[in-house]
>>> print(open('start22.csv').read())   # CSV, C-alpha atoms
chain,number,residue,atom,x,y,z
O,28,MET,CA,0.0,0.0,0.0
O,29,GLU,CA,2.8,2.4,0.9
O,30,THR,CA,4.7,1.5,-2.3
O,31,THR,CA,1.7,2.3,-4.5
O,32,SER,CA,1.1,5.7,-2.8
O,33,ARG,CA,4.7,6.7,-3.2
O,34,THR,CA,4.7,5.7,-6.9
O,35,THR,CA,1.6,7.7,-7.5
O,36,ILE,CA,3.2,10.9,-6.0
O,37,TYR,CA,6.4,10.4,-8.0
O,38,GLN,CA,4.4,10.0,-11.2
O,39,LEU,CA,2.4,13.2,-10.7
O,40,PRO,CA,3.5,15.9,-13.2
O,41,ILE,CA,5.5,18.7,-11.6
O,42,ASP,CA,3.0,21.5,-12.5
O,43,PRO,CA,0.0,20.2,-10.7
O,44,LEU,CA,2.2,19.2,-7.8
O,45,GLN,CA,3.4,22.8,-7.5
O,46,GLN,CA,-0.2,24.0,-7.9
O,47,ILE,CA,-1.1,22.0,-4.8
O,48,PHE,CA,1.9,23.4,-2.8
O,49,THR,CA,1.1,27.0,-3.7
O,50,ARG,CA,-1.9,26.7,-1.4
O,51,LEU,CA,0.3,26.1,1.6
O,52,SER,CA,1.5,28.8,3.9
O,53,VAL,CA,5.2,29.6,4.2
O,54,ARG,CA,5.3,27.7,7.5
O,55,GLU,CA,3.7,24.6,5.9
O,56,ILE,CA,6.1,24.8,2.9
O,57,CYS,CA,9.1,24.8,5.3
O,58,ALA,CA,7.7,21.7,7.1
O,59,CYS,CA,7.0,19.9,3.7
O,60,ARG,CA,10.6,20.4,2.6
O,61,ALA,CA,11.7,17.9,5.2
O,62,VAL,CA,9.3,15.1,4.1
O,63,CYS,CA,11.3,13.7,1.1
O,64,LYS,CA,13.7,14.5,-1.6
O,65,LEU,CA,10.9,15.1,-4.2
O,66,PHE,CA,9.2,17.7,-1.9
O,67,LYS,CA,12.5,19.4,-1.2
O,68,GLN,CA,13.4,19.7,-4.9
O,69,THR,CA,9.9,20.9,-5.8
O,70,LEU,CA,9.7,23.5,-3.1
O,71,THR,CA,13.1,24.9,-3.6
O,72,CYS,CA,13.2,25.2,-7.4
O,73,PRO,CA,13.3,28.9,-8.6
O,74,PHE,CA,10.1,28.6,-10.6
O,75,PHE,CA,8.1,27.6,-7.5
O,76,VAL,CA,9.7,30.3,-5.3
O,77,GLN,CA,8.8,32.8,-8.0
O,78,ARG,CA,5.2,31.6,-7.9
O,79,VAL,CA,4.8,32.2,-4.2
O,80,ALA,CA,7.0,35.3,-4.0
O,81,GLN,CA,4.0,37.7,-4.0
O,82,ARG,CA,2.4,36.1,-1.0
O,83,THR,CA,2.1,38.3,2.1
O,84,ALA,CA,5.0,37.8,4.5
O,85,LEU,CA,4.4,36.2,7.8
O,86,SER,CA,4.8,38.3,11.0
O,87,TRP,CA,7.0,36.1,13.2
O,88,PHE,CA,9.1,37.1,16.2
O,89,VAL,CA,12.6,35.8,16.8
O,90,VAL,CA,13.2,35.2,20.6
O,91,HIS,CA,16.6,34.5,22.1
O,92,PRO,CA,18.3,34.7,25.5
O,93,SER,CA,19.4,38.2,26.5
O,94,HIS,CA,22.8,37.1,27.7
O,95,CYS,CA,23.9,35.4,24.4
O,96,ARG,CA,25.8,38.6,23.3
O,97,LYS,CA,28.1,38.3,26.3
O,98,SER,CA,28.6,34.6,25.8
O,99,ARG,CA,30.7,32.8,23.2
O,100,ARG,CA,28.7,29.6,23.3
O,101,ALA,CA,25.9,30.5,20.8
O,102,SER,CA,26.7,27.8,18.3
O,103,PRO,CA,25.3,27.8,14.8
O,104,ASP,CA,24.4,24.1,15.5
O,105,SER,CA,21.7,25.6,17.8
O,106,LEU,CA,18.2,26.4,16.6
O,107,LEU,CA,16.6,29.8,15.7
O,108,HIS,CA,13.5,30.0,17.9
O,109,VAL,CA,10.6,31.8,16.2
O,110,TYR,CA,7.2,32.5,17.6
O,111,ASP,CA,4.1,32.7,15.4
O,112,ALA,CA,1.7,34.9,17.3
O,113,ASP,CA,-1.2,34.2,14.9
O,114,SER,CA,-1.2,30.5,15.6
O,115,ASP,CA,0.4,30.7,19.1
O,116,GLU,CA,3.1,28.2,18.0
O,117,TRP,CA,6.9,28.0,18.1
O,118,LEU,CA,9.0,27.2,15.1
O,119,ARG,CA,12.6,26.2,15.1
O,120,PHE,CA,15.1,26.6,12.2
O,121,PRO,CA,18.5,25.0,12.3
O,122,LEU,CA,21.5,27.3,11.7
O,123,ASP,CA,23.9,24.6,10.9
O,124,PHE,CA,24.4,26.0,7.4
O,125,LEU,CA,26.4,28.9,8.8
O,126,PRO,CA,30.1,28.0,8.9
O,127,PHE,CA,30.9,30.0,12.1
O,128,ASN,CA,31.9,29.3,15.6
O,129,SER,CA,29.0,31.4,16.9
O,130,ALA,CA,25.9,33.0,15.5
O,131,ILE,CA,23.7,35.5,17.4
O,132,PRO,CA,20.5,36.8,15.8
O,133,VAL,CA,20.1,40.6,16.2
O,134,ALA,CA,17.7,42.0,13.6
O,135,ALA,CA,15.6,41.2,10.6
O,136,SER,CA,14.3,43.2,7.6
O,137,SER,CA,12.6,42.3,4.3
O,138,GLY,CA,12.6,38.6,5.0
O,139,LEU,CA,16.3,38.5,5.9
O,140,LEU,CA,17.9,37.7,9.2
O,141,TYR,CA,21.0,39.6,10.5
O,142,LEU,CA,23.4,37.8,12.9
O,143,TRP,CA,26.7,38.6,14.6
O,144,CYS,CA,28.9,35.7,13.7
O,145,GLU,CA,32.4,34.9,15.0
O,146,SER,CA,35.0,32.8,13.2
O,147,ASP,CA,38.8,32.3,13.8
O,148,SER,CA,39.5,35.4,11.7
O,149,GLY,CA,37.2,37.7,13.6
O,150,ARG,CA,33.6,38.9,13.9
O,151,SER,CA,31.3,39.9,11.1
O,152,LEU,CA,27.7,40.8,10.4
O,153,VAL,CA,26.0,38.1,8.4
O,154,ILE,CA,22.8,38.3,6.4
O,155,CYS,CA,20.8,35.1,5.8
O,156,ASN,CA,17.5,33.6,5.0
O,157,PRO,CA,16.9,30.7,7.3
O,158,ILE,CA,14.2,29.3,5.0
O,159,THR,CA,16.3,29.1,1.9
O,160,ARG,CA,19.5,28.5,4.0
O,161,LYS,CA,21.6,31.0,2.1
O,162,TYR,CA,23.8,33.7,3.6
O,163,ARG,CA,26.2,36.5,2.8
O,164,VAL,CA,29.1,37.9,5.0
O,165,LEU,CA,29.5,41.7,5.3
O,166,PRO,CA,33.0,43.2,5.8
O,167,GLN,CA,34.3,42.9,9.4
O,168,LEU,CA,33.6,45.5,12.1
O,169,GLY,CA,35.4,45.8,15.5
O,170,SER,CA,34.5,44.1,18.8
O,171,ALA,CA,32.9,47.3,20.2
O,172,TRP,CA,30.2,47.1,17.5
O,173,PHE,CA,29.6,43.5,18.2
O,174,ARG,CA,29.0,44.0,22.0
O,175,HIS,CA,27.1,47.3,22.0
O,176,GLY,CA,25.8,48.1,18.5
O,177,THR,CA,22.1,48.1,17.5
O,178,VAL,CA,21.5,46.8,14.0
O,179,LEU,CA,18.9,48.4,11.7
O,180,SER,CA,18.3,47.7,8.0
O,181,ALA,CA,16.6,49.5,5.2
O,182,GLY,CA,17.0,48.0,1.7
O,183,LEU,CA,20.5,48.1,0.5
O,184,ARG,CA,21.7,50.0,3.6
O,185,VAL,CA,22.6,48.6,7.0
O,186,LEU,CA,23.1,50.7,10.2
O,187,VAL,CA,24.9,49.8,13.4
O,188,LEU,CA,24.5,52.4,16.1
O,189,ASN,CA,26.1,53.1,19.4
O,190,GLU,CA,27.9,56.4,20.3
O,191,PHE,CA,29.1,56.2,16.6
O,192,VAL,CA,27.3,55.1,13.5
O,193,ALA,CA,28.5,52.5,11.0
O,194,LEU,CA,26.7,52.7,7.7
O,195,TYR,CA,27.0,49.8,5.2
O,196,LEU,CA,26.5,50.6,1.5
O,197,ALA,CA,25.7,47.5,-0.6
O,198,ASP,CA,26.7,49.0,-3.9
O,199,GLY,CA,30.2,49.8,-2.6
O,200,ASN,CA,30.5,46.8,-0.3
O,201,LEU,CA,32.1,49.0,2.5
O,202,TRP,CA,31.3,50.5,5.9
O,203,LEU,CA,31.4,54.2,6.6
O,204,ASN,CA,32.0,55.2,10.2
O,205,PHE,CA,31.2,58.6,11.7
O,206,SER,CA,30.0,60.1,15.0
O,207,ALA,CA,26.3,59.9,15.8
O,208,GLY,CA,26.5,63.5,17.1
O,209,LEU,CA,24.5,62.8,20.3
O,210,SER,CA,25.3,63.6,23.9
O,211,SER,CA,24.7,60.0,24.9
O,212,LYS,CA,24.2,56.6,23.3
O,213,PRO,CA,20.8,56.5,21.5
O,214,ARG,CA,18.4,54.2,23.3
O,215,SER,CA,16.2,51.7,21.4
O,216,PRO,CA,16.6,53.2,17.9
O,217,VAL,CA,14.0,52.2,15.4
O,218,LEU,CA,13.5,52.8,11.7
O,219,VAL,CA,10.1,54.1,10.6
O,220,GLY,CA,9.8,55.0,7.0
O,221,SER,CA,12.8,57.0,5.9
O,222,ALA,CA,13.9,58.2,9.3
O,223,VAL,CA,15.7,56.7,12.4
O,224,TYR,CA,14.1,57.6,15.8
O,225,ALA,CA,15.7,57.1,19.2
O,226,LEU,CA,15.6,58.3,22.8
O,227,CYS,CA,18.5,60.4,24.1
O,228,ASP,CA,19.3,61.2,27.8
O,229,ILE,CA,20.3,64.8,28.1
O,230,GLY,CA,19.9,64.8,31.9
O,231,SER,CA,22.4,64.5,34.8
O,232,PRO,CA,24.0,61.4,36.2
O,233,TRP,CA,21.5,61.4,39.1
O,234,ARG,CA,18.4,62.3,37.0
O,235,ALA,CA,17.5,61.1,33.5
O,236,GLN,CA,15.9,63.5,31.1
O,237,TRP,CA,14.7,61.8,27.9
O,238,LYS,CA,14.2,63.4,24.6
O,239,LEU,CA,12.9,62.0,21.3
O,240,VAL,CA,15.4,62.6,18.4
O,241,PHE,CA,15.4,61.6,14.8
O,242,CYS,CA,17.5,61.8,11.7
O,243,LYS,CA,16.6,61.2,8.0
O,244,LEU,CA,18.3,58.1,6.7
O,245,ASP,CA,19.6,59.9,3.6
O,246,GLU,CA,21.2,62.6,5.8
O,247,LEU,CA,23.2,60.2,8.1
O,248,GLY,CA,26.9,60.8,7.5
O,249,ARG,CA,26.5,64.1,5.8
O,250,GLY,CA,27.4,66.2,8.8
O,251,ARG,CA,23.8,66.9,9.8
O,252,ALA,CA,23.0,66.6,13.5
O,253,TRP,CA,20.0,64.8,14.9
O,254,ASP,CA,16.9,66.9,15.5
O,255,ARG,CA,14.7,66.8,18.5
O,256,LEU,CA,11.1,65.9,18.0
O,257,GLU,CA,9.0,67.8,20.6
O,258,ARG,CA,5.8,69.8,21.0
O,259,ARG,CA,4.7,72.1,23.8
O,260,GLU,CA,1.4,70.2,23.9
O,261,TRP,CA,3.2,67.0,25.0
O,262,GLY,CA,4.0,68.5,28.4
O,263,GLU,CA,6.0,66.2,30.6
O,264,ILE,CA,5.2,63.0,28.8
O,265,PHE,CA,8.8,61.7,29.0
O,266,ASP,CA,9.0,62.4,32.7
O,267,ILE,CA,6.1,60.1,33.7
O,268,LEU,CA,7.9,57.0,32.4
O,269,ARG,CA,10.7,55.0,33.9
O,270,ARG,CA,13.2,53.4,31.6
O,271,PRO,CA,11.3,54.2,28.4
O,272,ARG,CA,11.8,52.2,25.2
O,273,LEU,CA,10.8,52.8,21.6
O,274,ILE,CA,9.2,50.1,19.4
O,275,GLN,CA,8.2,50.5,15.7
O,276,GLY,CA,4.4,50.8,15.6
O,277,LYS,CA,1.9,49.9,13.0
O,278,GLY,CA,2.1,52.1,9.9
O,279,ASP,CA,3.4,55.6,10.5
O,280,SER,CA,3.6,55.4,14.3
O,281,LEU,CA,5.9,54.9,17.2
O,282,LEU,CA,5.2,53.0,20.5
O,283,MET,CA,6.9,54.1,23.7
O,284,VAL,CA,6.9,51.6,26.6
O,285,GLY,CA,7.9,52.1,30.2
O,286,GLY,CA,6.9,52.0,33.8
O,287,LEU,CA,4.2,54.5,34.7
O,288,LYS,CA,5.5,56.6,37.7
O,289,ALA,CA,3.2,57.3,40.6
O,290,SER,CA,4.8,60.8,40.8
O,291,PHE,CA,7.5,63.0,39.3
O,292,ALA,CA,10.0,62.1,42.1
O,293,THR,CA,13.3,60.6,41.0
O,294,ASN,CA,12.8,57.3,42.9
O,295,SER,CA,9.0,57.2,42.4
O,296,VAL,CA,7.5,53.7,42.3
O,297,CYS,CA,5.6,52.5,39.2
O,298,SER,CA,1.9,51.7,39.3
O,299,THR,CA,2.0,49.7,36.0
O,300,ILE,CA,3.6,49.4,32.6
O,301,ILE,CA,2.1,51.6,29.9
O,302,ILE,CA,2.2,51.7,26.1
O,303,LEU,CA,2.0,55.1,24.5
O,304,ARG,CA,1.5,55.6,20.7
O,305,LEU,CA,2.8,58.6,18.7
O,306,ASP,CA,1.1,59.3,15.4
O,307,LEU,CA,3.9,60.7,13.3
O,308,ALA,CA,1.5,62.3,10.9
O,309,ASN,CA,-0.1,64.7,13.4
O,310,LEU,CA,2.4,64.3,16.2
O,311,GLU,CA,-0.2,63.4,18.8
O,312,TRP,CA,0.3,60.9,21.6
O,313,ASP,CA,-2.4,58.5,22.9
O,314,GLU,CA,-2.5,55.6,25.3
O,315,ALA,CA,-2.4,52.3,23.4
O,316,GLY,CA,-2.4,49.9,26.3
O,317,ARG,CA,-1.9,49.4,30.0
O,318,MET,CA,-0.7,46.2,31.7
O,319,PRO,CA,-3.4,44.6,33.9
O,320,GLY,CA,-2.7,44.4,37.6
O,321,GLU,CA,-2.3,40.6,37.6
O,322,PHE,CA,0.4,40.8,35.0
O,323,PHE,CA,2.2,43.8,36.6
O,324,ASP,CA,2.3,42.1,40.0
O,325,CYS,CA,4.4,39.4,38.4
O,326,PHE,CA,6.8,41.8,36.7
O,327,ARG,CA,7.1,43.9,39.9
O,328,SER,CA,8.3,40.8,41.8
O,329,TRP,CA,10.6,39.8,39.0
O,330,GLY,CA,12.3,43.2,38.8
O,331,LYS,CA,14.3,43.6,35.6
O,332,PHE,CA,12.5,43.0,32.3
O,333,LYS,CA,13.0,43.4,28.6
O,334,VAL,CA,10.6,44.7,25.9
O,335,PHE,CA,10.5,44.0,22.2
O,336,GLY,CA,7.9,43.8,19.4
O,337,MET,CA,6.6,45.5,16.4
O,338,GLY,CA,3.3,46.9,15.0
O,339,ASP,CA,0.4,45.8,17.1
O,340,ARG,CA,2.2,43.3,19.3
O,341,VAL,CA,4.6,44.0,22.2
O,342,PHE,CA,6.3,41.3,24.3
O,343,PHE,CA,7.6,41.6,27.9
O,344,SER,CA,10.2,39.2,29.4
O,345,GLY,CA,10.8,39.2,33.1
O,346,LYS,CA,13.9,38.0,35.0
O,347,GLY,CA,13.3,34.4,36.0
O,348,ALA,CA,9.8,34.3,34.5
O,349,GLY,CA,10.1,31.4,32.1
O,350,LYS,CA,7.3,33.0,30.0
O,351,LEU,CA,6.4,36.1,28.0
O,352,ALA,CA,3.6,38.6,28.5
O,353,MET,CA,2.1,39.7,25.1
O,354,TRP,CA,0.0,42.8,24.3
O,355,ASP,CA,-1.9,42.3,21.1
O,356,SER,CA,-3.9,45.1,19.6
O,357,SER,CA,-4.7,43.4,16.3
O,358,GLU,CA,-8.3,43.2,17.5
O,359,LYS,CA,-10.4,46.3,18.3
O,360,GLY,CA,-10.1,48.1,21.5
O,361,LYS,CA,-7.0,48.8,23.8
O,362,GLY,CA,-5.6,45.3,23.1
O,363,ALA,CA,-5.6,41.9,24.8
O,364,TRP,CA,-3.0,40.6,27.2
O,365,ARG,CA,-2.0,37.0,27.6
O,366,TRP,CA,0.9,34.8,28.6
O,367,VAL,CA,3.2,33.1,26.0
O,368,THR,CA,4.8,29.8,27.2
O,369,GLY,CA,7.2,27.4,25.7
O,370,ILE,CA,10.2,29.8,25.4
O,371,SER,CA,13.7,28.3,25.4
O,372,GLU,CA,15.7,28.1,28.6
O,373,SER,CA,17.7,31.2,29.5
O,374,LYS,CA,20.5,31.7,32.0
O,375,ASP,CA,18.8,34.7,33.7
O,376,GLY,CA,15.2,34.2,32.4
O,377,LEU,CA,15.4,37.3,30.3
O,378,CYS,CA,14.8,37.2,26.5
O,379,ARG,CA,15.3,39.7,23.7
O,380,GLY,CA,13.6,39.6,20.4
O,381,PHE,CA,12.6,41.3,17.2
O,382,ALA,CA,10.0,41.0,14.4
O,383,PHE,CA,10.9,38.7,11.5
O,384,ASP,CA,8.8,39.1,8.3
O,385,ALA,CA,9.6,35.6,6.9
O,386,ARG,CA,9.7,35.4,3.1
O,387,ILE,CA,10.5,32.4,1.0
O,388,ASP,CA,11.9,34.6,-1.8
O,389,ALA,CA,14.1,37.0,0.2
>>> encode(input="start22.csv", output="structure tokens")
Amino acid sequence: METTSRTTIYQLPIDPLQQIFTRLSVREICACRAVCKLFKQTLTCPFFVQRVAQRTALSWFVVHPSHCRKSRRASPDSLLHVYDADSDEWLRFPLDFLPFNSAIPVAASSGLLYLWCESDSGRSLVICNPITRKYRVLPQLGSAWFRHGTVLSAGLRVLVLNEFVALYLADGNLWLNFSAGLSSKPRSPVLVGSAVYALCDIGSPWRAQWKLVFCKLDELGRGRAWDRLERREWGEIFDILRRPRLIQGKGDSLLMVGGLKASFATNSVCSTIIILRLDLANLEWDEAGRMPGEFFDCFRSWGKFKVFGMGDRVFFSGKGAGKLAMWDSSEKGKGAWRWVTGISESKDGLCRGFAFDARIDA
């Protein structure tokens, strides 16, 4: 019986077989590639990839331990852990096709994954597609970029930001290094449209004073300083948050996440964690979400936490939590809150992450 079924599949013409596979999601296509040699050849041929190239990309989230940048044990033999928020399922992609001693995922853009990789000759930023298992190595940068730089990508340009800026130009295959021109390291820089936005602390060592700054992507490296984005109508919106972080919002918007202070005192306690949204078209803030008491009680006891996300989903990782809290505003209203379990083990329980718009043709 098994032999007859297998013979029937192998005798099926390639065109109707590909027609059947085009009805599958990217996630299902990835799973079917591992079934047999015929499926793998069918699902990786250029003609099939071109047929499914116009399909809407999936909104996945890469989640990894927060301490892996400081460790040299992140082997490419390990798995890339990806969370599918739509189906509430975890996917795992092997990174064994990368010929490096270590590989740490740090960013994604246009269906491509960016990793800091280390070999015997040094550290480099590597671009890959874990679905097609193809990669490219960019010219090397120093160790300071590896440990402290934030990676952003826009088309043929790649940015690595700390107190300085490294700009990679694909057409010249080289890095350009220049000063960021800020009084402190930009916190949680994000790319929205054609501009980079970040938070900058202009306060004193004993009291933070956050400002929102931005710079057009085309003007980076041309001697132009970052501009402050502020309005009198905003009042003291940056003073009510403790440890604010920026996240790229849905469309032309920014999300700012932080602990909501009970007062303006320096050591004021926080009553909850709040998500604010800035509409970049009219420069107006509104409250997008507020963490419920039962969730915040857990994070208050855990202490330190990390925040990541994109669009209408934000994730919170607490120290020693073993799970994630997720805010999801894809439905109407202020958004729903729920726990996400099944994350990989972490040394301190904290996780970082970023959005990954998986594409089979990237």
>>> closest_residue(input="start22.csv", among="O:Asn128, O:Leu122, O:Thr293, O:Leu209", to="O:Arg255", atoms="all atoms listed in the file")
O:Leu209
>>> residues_around(input="start22.csv", residues="O:Phe120", least_positions_apart="5", cutoff="10 Å", atoms="all atoms listed in the file", output="mmCIF file with C-alpha atoms, keeping the file's coordinate frame")
data_model
loop_
_atom_site.group_PDB
_atom_site.id
_atom_site.type_symbol
_atom_site.label_atom_id
_atom_site.label_comp_id
_atom_site.auth_asym_id
_atom_site.auth_seq_id
_atom_site.Cartn_x
_atom_site.Cartn_y
_atom_site.Cartn_z
ATOM 1 C CA CYS O 57 9.100 24.800 5.300
ATOM 2 C CA SER O 105 21.700 25.600 17.800
ATOM 3 C CA LEU O 106 18.200 26.400 16.600
ATOM 4 C CA LEU O 107 16.600 29.800 15.700
ATOM 5 C CA HIS O 108 13.500 30.000 17.900
ATOM 6 C CA VAL O 109 10.600 31.800 16.200
ATOM 7 C CA PRO O 157 16.900 30.700 7.300
ATOM 8 C CA ILE O 158 14.200 29.300 5.000
ATOM 9 C CA ARG O 160 19.500 28.500 4.000
#
>>> residues_near_point(input="start22.csv", point="(9.1, 53.9, 11.8)", cutoff="9 Å", atoms="only C-alpha atoms", output="MDAnalysis selection string")
chainID O and resid 217:224 274:281 307
>>> closest_residue(input="start22.csv", among="O:Trp143, O:Phe335, O:Tyr162, O:Phe66", to="O:Ala389", atoms="all atoms listed in the file")
O:Tyr162
>>> residues_near_point(input="start22.csv", point="(-1.3, 47.2, 33.1)", cutoff="12 Å", atoms="only C-alpha atoms", output="PDB file with C-alpha atoms, in the frame of the given file")
ATOM      1  CA  VAL O 284       6.900  51.600  26.600  1.00  0.00           C
ATOM      2  CA  GLY O 285       7.900  52.100  30.200  1.00  0.00           C
ATOM      3  CA  GLY O 286       6.900  52.000  33.800  1.00  0.00           C
ATOM      4  CA  LEU O 287       4.200  54.500  34.700  1.00  0.00           C
ATOM      5  CA  CYS O 297       5.600  52.500  39.200  1.00  0.00           C
ATOM      6  CA  SER O 298       1.900  51.700  39.300  1.00  0.00           C
ATOM      7  CA  THR O 299       2.000  49.700  36.000  1.00  0.00           C
ATOM      8  CA  ILE O 300       3.600  49.400  32.600  1.00  0.00           C
ATOM      9  CA  ILE O 301       2.100  51.600  29.900  1.00  0.00           C
ATOM     10  CA  ILE O 302       2.200  51.700  26.100  1.00  0.00           C
ATOM     11  CA  GLU O 314      -2.500  55.600  25.300  1.00  0.00           C
ATOM     12  CA  ALA O 315      -2.400  52.300  23.400  1.00  0.00           C
ATOM     13  CA  GLY O 316      -2.400  49.900  26.300  1.00  0.00           C
ATOM     14  CA  ARG O 317      -1.900  49.400  30.000  1.00  0.00           C
ATOM     15  CA  MET O 318      -0.700  46.200  31.700  1.00  0.00           C
ATOM     16  CA  PRO O 319      -3.400  44.600  33.900  1.00  0.00           C
ATOM     17  CA  GLY O 320      -2.700  44.400  37.600  1.00  0.00           C
ATOM     18  CA  GLU O 321      -2.300  40.600  37.600  1.00  0.00           C
ATOM     19  CA  PHE O 322       0.400  40.800  35.000  1.00  0.00           C
ATOM     20  CA  PHE O 323       2.200  43.800  36.600  1.00  0.00           C
ATOM     21  CA  ASP O 324       2.300  42.100  40.000  1.00  0.00           C
ATOM     22  CA  CYS O 325       4.400  39.400  38.400  1.00  0.00           C
ATOM     23  CA  PHE O 326       6.800  41.800  36.700  1.00  0.00           C
ATOM     24  CA  ARG O 327       7.100  43.900  39.900  1.00  0.00           C
ATOM     25  CA  PHE O 343       7.600  41.600  27.900  1.00  0.00           C
ATOM     26  CA  ALA O 352       3.600  38.600  28.500  1.00  0.00           C
ATOM     27  CA  MET O 353       2.100  39.700  25.100  1.00  0.00           C
ATOM     28  CA  TRP O 354       0.000  42.800  24.300  1.00  0.00           C
ATOM     29  CA  LYS O 361      -7.000  48.800  23.800  1.00  0.00           C
ATOM     30  CA  GLY O 362      -5.600  45.300  23.100  1.00  0.00           C
ATOM     31  CA  ALA O 363      -5.600  41.900  24.800  1.00  0.00           C
ATOM     32  CA  TRP O 364      -3.000  40.600  27.200  1.00  0.00           C
ATOM     33  CA  ARG O 365      -2.000  37.000  27.600  1.00  0.00           C
TER      34      ARG O 365
END
>>> closest_residue(input="start22.csv", among="O:Lys67, O:Leu201, O:Tyr110, O:Leu51", to="O:Thr159", atoms="only C-alpha atoms")
O:Lys67
>>> closest_residue(input="start22.csv", among="O:Trp366, O:Phe342, O:Phe48, O:Trp202", to="O:Cys378", atoms="only C-alpha atoms")
O:Phe342
>>> atom_distance(input="start22.csv", atom1="atom CA of O:Leu305", atom2="atom CA of O:Leu282")
6.4 Å
>>> atom_distance(input="start22.csv", atom1="atom CA of O:Phe241", atom2="atom CA of O:Leu226")
8.7 Å
>>> atom_distance(input="start22.csv", atom1="atom CA of O:Phe383", atom2="atom CA of O:Leu140")
7.4 Å
>>> closest_residue(input="start22.csv", among="O:Val192, O:Leu39, O:Cys144, O:Leu247", to="O:Thr177", atoms="all atoms listed in the file")
O:Val192
>>> residues_around(input="start22.csv", residues="O:Ala171", least_positions_apart="6", cutoff="12 Å", atoms="only C-alpha atoms", output="list in words")
Arg96, Lys97, Arg150, Ser151, Thr177, Val187, Leu188, Asn189, Glu190, Phe191, Val192 and Ala193 of chain O
>>> closest_residue(input="start22.csv", among="O:Leu256, O:Val133, O:Ala112, O:Ala289", to="O:Leu268", atoms="only C-alpha atoms")
O:Ala289
>>> residues_around(input="start22.csv", residues="O:Leu239", least_positions_apart="4", cutoff="10 Å", atoms="all atoms listed in the file", output="ChimeraX atom specification")
/O:213-214,224-228,253-257,265,273
>>> residues_around(input="start22.csv", residues="O:Val53", least_positions_apart="3", cutoff="8 Å", atoms="all atoms listed in the file", output="list in words")
Ile56, Cys57, Leu85, Ala385, Arg386 and Ile387 of chain O
>>> write_last_selection(input="start22.csv", atoms="C-alpha atoms", output="PDB file, in the frame of the given file")
ATOM      1  CA  ILE O  56       6.100  24.800   2.900  1.00  0.00           C
ATOM      2  CA  CYS O  57       9.100  24.800   5.300  1.00  0.00           C
ATOM      3  CA  LEU O  85       4.400  36.200   7.800  1.00  0.00           C
ATOM      4  CA  ALA O 385       9.600  35.600   6.900  1.00  0.00           C
ATOM      5  CA  ARG O 386       9.700  35.400   3.100  1.00  0.00           C
ATOM      6  CA  ILE O 387      10.500  32.400   1.000  1.00  0.00           C
TER       7      ILE O 387
END
>>> residues_around(input="start22.csv", residues="O:Arg379", least_positions_apart="6", cutoff="12 Å", atoms="all atoms listed in the file", output="NGL selection string")
:O and (88-96 or 108-109 or 131-134 or 332-336 or 341-346 or 351 or 370-371 or 373)
>>> build_atoms(input="start22.csv", residues="stretch 228-239 of chain O", atoms="N, CA and C atoms", output="tab-separated table (two decimals), keeping the file's coordinate frame")
chain	number	residue	atom	x	y	z
O	228	ASP	N	19.27	60.62	26.40
O	228	ASP	CA	19.30	61.20	27.80
O	228	ASP	C	20.17	62.39	27.82
O	229	ILE	N	19.55	63.56	28.05
O	229	ILE	CA	20.30	64.80	28.10
O	229	ILE	C	20.39	65.30	29.58
O	230	GLY	N	19.98	64.43	30.52
O	230	GLY	CA	19.90	64.80	31.90
O	230	GLY	C	21.28	64.66	32.62
O	231	SER	N	21.24	64.64	33.94
O	231	SER	CA	22.40	64.50	34.80
O	231	SER	C	22.63	63.07	35.19
O	232	PRO	N	23.80	62.74	35.79
O	232	PRO	CA	24.00	61.40	36.20
O	232	PRO	C	23.01	60.90	37.27
O	233	TRP	N	22.41	61.81	38.01
O	233	TRP	CA	21.50	61.40	39.10
O	233	TRP	C	20.00	61.55	38.66
O	234	ARG	N	19.74	62.13	37.49
O	234	ARG	CA	18.40	62.30	37.00
O	234	ARG	C	18.29	62.23	35.52
O	235	ALA	N	17.60	61.23	34.99
O	235	ALA	CA	17.50	61.10	33.50
O	235	ALA	C	16.49	62.13	32.99
O	236	GLN	N	16.77	62.60	31.79
O	236	GLN	CA	15.90	63.50	31.10
O	236	GLN	C	15.85	63.08	29.61
O	237	TRP	N	14.79	62.38	29.25
O	237	TRP	CA	14.70	61.80	27.90
O	237	TRP	C	14.12	62.72	26.89
O	238	LYS	N	14.70	62.68	25.70
O	238	LYS	CA	14.20	63.40	24.60
O	238	LYS	C	14.09	62.50	23.37
O	239	LEU	N	13.10	62.74	22.53
O	239	LEU	CA	12.90	62.00	21.30
O	239	LEU	C	13.68	62.69	20.18
